[in-house]
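Written out below as C-alpha coordinates is the structure these notes cover.
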Amino acid sequence: AQAKSQSSPILAPSPSKTLTSTSDSLQLVQAWLTKNNLGQFSTHFEKGGYVTLQLIALLDEEDLDALNIPTAQYKSILAAATKLRNSMS
(Lines give C-alpha, C1' and ligand atoms only; values in the text may rest on other atoms or scores of the structure.)
Protein backbone atom coordinates (compact mmCIF):
# COMPACT_ATOMS: atom_id res chain seq x y z
CA ALA A 1 0.00 0.00 0.00
CA GLN A 2 2.87 2.32 0.74
CA ALA A 3 4.26 1.95 -2.76
CA LYS A 4 0.90 2.89 -4.26
CA SER A 5 0.64 6.03 -2.14
CA GLN A 6 3.93 7.26 -3.54
CA SER A 7 2.99 8.44 -7.00
CA SER A 8 5.77 9.49 -9.31
CA PRO A 9 5.26 13.19 -9.99
CA ILE A 10 8.87 13.34 -11.13
CA LEU A 11 7.84 11.51 -14.30
CA ALA A 12 5.03 13.98 -15.06
CA PRO A 13 6.03 16.78 -17.43
CA SER A 14 6.33 20.15 -15.82
CA PRO A 15 3.59 22.60 -16.89
CA SER A 16 6.08 25.09 -18.31
CA LYS A 17 7.79 22.38 -20.37
CA THR A 18 4.42 21.20 -21.72
CA LEU A 19 3.37 24.73 -22.61
CA THR A 20 6.66 25.38 -24.37
CA SER A 21 6.40 22.15 -26.34
CA THR A 22 2.81 22.87 -27.36
CA SER A 23 3.69 26.43 -28.26
CA ASP A 24 6.68 25.27 -30.34
CA SER A 25 4.54 22.64 -32.08
CA LEU A 26 1.84 25.21 -32.83
CA GLN A 27 4.44 27.53 -34.33
CA LEU A 28 5.68 24.70 -36.55
CA VAL A 29 2.11 23.95 -37.65
CA GLN A 30 1.44 27.62 -38.39
CA ALA A 31 4.71 27.88 -40.32
CA TRP A 32 3.77 24.77 -42.32
CA LEU A 33 0.33 26.18 -43.10
CA THR A 34 1.83 29.53 -44.15
CA LYS A 35 4.49 27.83 -46.31
CA ASN A 36 1.70 25.95 -48.10
CA ASN A 37 -0.48 29.06 -48.52
CA LEU A 38 -2.98 27.65 -46.02
CA GLY A 39 -2.46 30.12 -43.18
CA GLN A 40 -6.12 31.13 -43.26
CA PHE A 41 -6.95 27.71 -41.77
CA SER A 42 -4.66 27.90 -38.73
CA THR A 43 -7.61 28.48 -36.38
CA HIS A 44 -9.42 25.45 -37.82
CA PHE A 45 -6.42 23.22 -37.17
CA GLU A 46 -5.74 24.59 -33.69
CA LYS A 47 -9.36 24.30 -32.55
CA GLY A 48 -9.52 20.80 -34.03
CA GLY A 49 -6.50 19.70 -32.01
CA TYR A 50 -4.11 19.40 -34.94
CA VAL A 51 -1.25 21.02 -33.09
CA THR A 52 1.67 18.89 -34.30
CA LEU A 53 3.06 18.16 -37.73
CA GLN A 54 2.78 14.45 -36.95
CA LEU A 55 -1.01 14.80 -36.69
CA ILE A 56 -1.24 16.91 -39.83
CA ALA A 57 0.74 14.29 -41.75
CA LEU A 58 -2.10 11.82 -41.05
CA LEU A 59 -4.95 14.04 -42.32
CA ASP A 60 -7.63 12.60 -44.57
CA GLU A 61 -10.86 13.94 -46.08
CA GLU A 62 -12.93 13.01 -43.02
CA ASP A 63 -10.58 15.05 -40.83
CA LEU A 64 -10.86 18.06 -43.13
CA ASP A 65 -14.64 17.75 -43.08
CA ALA A 66 -14.63 17.65 -39.27
CA LEU A 67 -12.44 20.79 -39.28
CA ASN A 68 -14.98 22.59 -41.50
CA ILE A 69 -12.44 23.12 -44.24
CA PRO A 70 -14.06 24.01 -47.58
CA THR A 71 -14.04 21.02 -49.95
CA ALA A 72 -12.35 23.11 -52.63
CA GLN A 73 -9.24 23.16 -50.40
CA TYR A 74 -9.08 19.40 -49.74
CA LYS A 75 -6.82 18.58 -52.67
CA SER A 76 -4.15 21.18 -51.82
CA ILE A 77 -4.20 20.39 -48.10
CA LEU A 78 -4.04 16.63 -48.63
CA ALA A 79 -1.22 17.02 -51.17
CA ALA A 80 0.75 19.13 -48.69
CA ALA A 81 0.03 16.61 -45.89
CA THR A 82 1.22 13.74 -48.08
CA LYS A 83 4.41 15.64 -48.92
CA LEU A 84 4.92 16.26 -45.19
CA ARG A 85 4.31 12.60 -44.35
CA ASN A 86 6.80 11.49 -47.03
CA SER A 87 9.42 13.89 -45.71
CA MET A 88 9.05 12.39 -42.21
CA SER A 89 9.62 8.79 -43.25
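Ligands are numbered from 1 in the order shown, residues from 1 within each chain, and chains are lettered A, B, ... in the order they appear in the C-alpha coordinates.
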
Long-range neighbours of segment 75-79 of chain A as a PyMOL selection string, 9 Å cut-off, only C-alpha atoms, 4 positions minimum in chain: chain A and resi 33+36+38+57+59-61+64+71+83-84

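The shortest atom-to-atom distance to Trp32 of chain A, with only C-alpha atoms taken into account, belongs to A:Ile56 out of A:Ala72, A:Met88, A:Ile56, A:Leu67.
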
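Atom to atom, atom CA of Ser87 of chain A and atom CA of Thr52 of chain A stand 14.7 Å apart.
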
Identify, on the basis of only C-alpha atoms, every residue whose closest approach to Ser42 of chain A does not exceed 9 Å; exclude the query and any residue fewer than 6 positions from it along the same chain; express the result as a list in words. Val29, Gln30, Leu33 and Thr34 of chain A

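In this model, the gap between atom CA of Thr82 of chain A and atom CA of Ser23 of chain A comes to 23.7 Å.
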
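Counting only C-alpha atoms, the residue from A:Gln27, A:Asn86, A:His44, A:Ala81 that sits nearest to Ala66 of chain A is A:His44.
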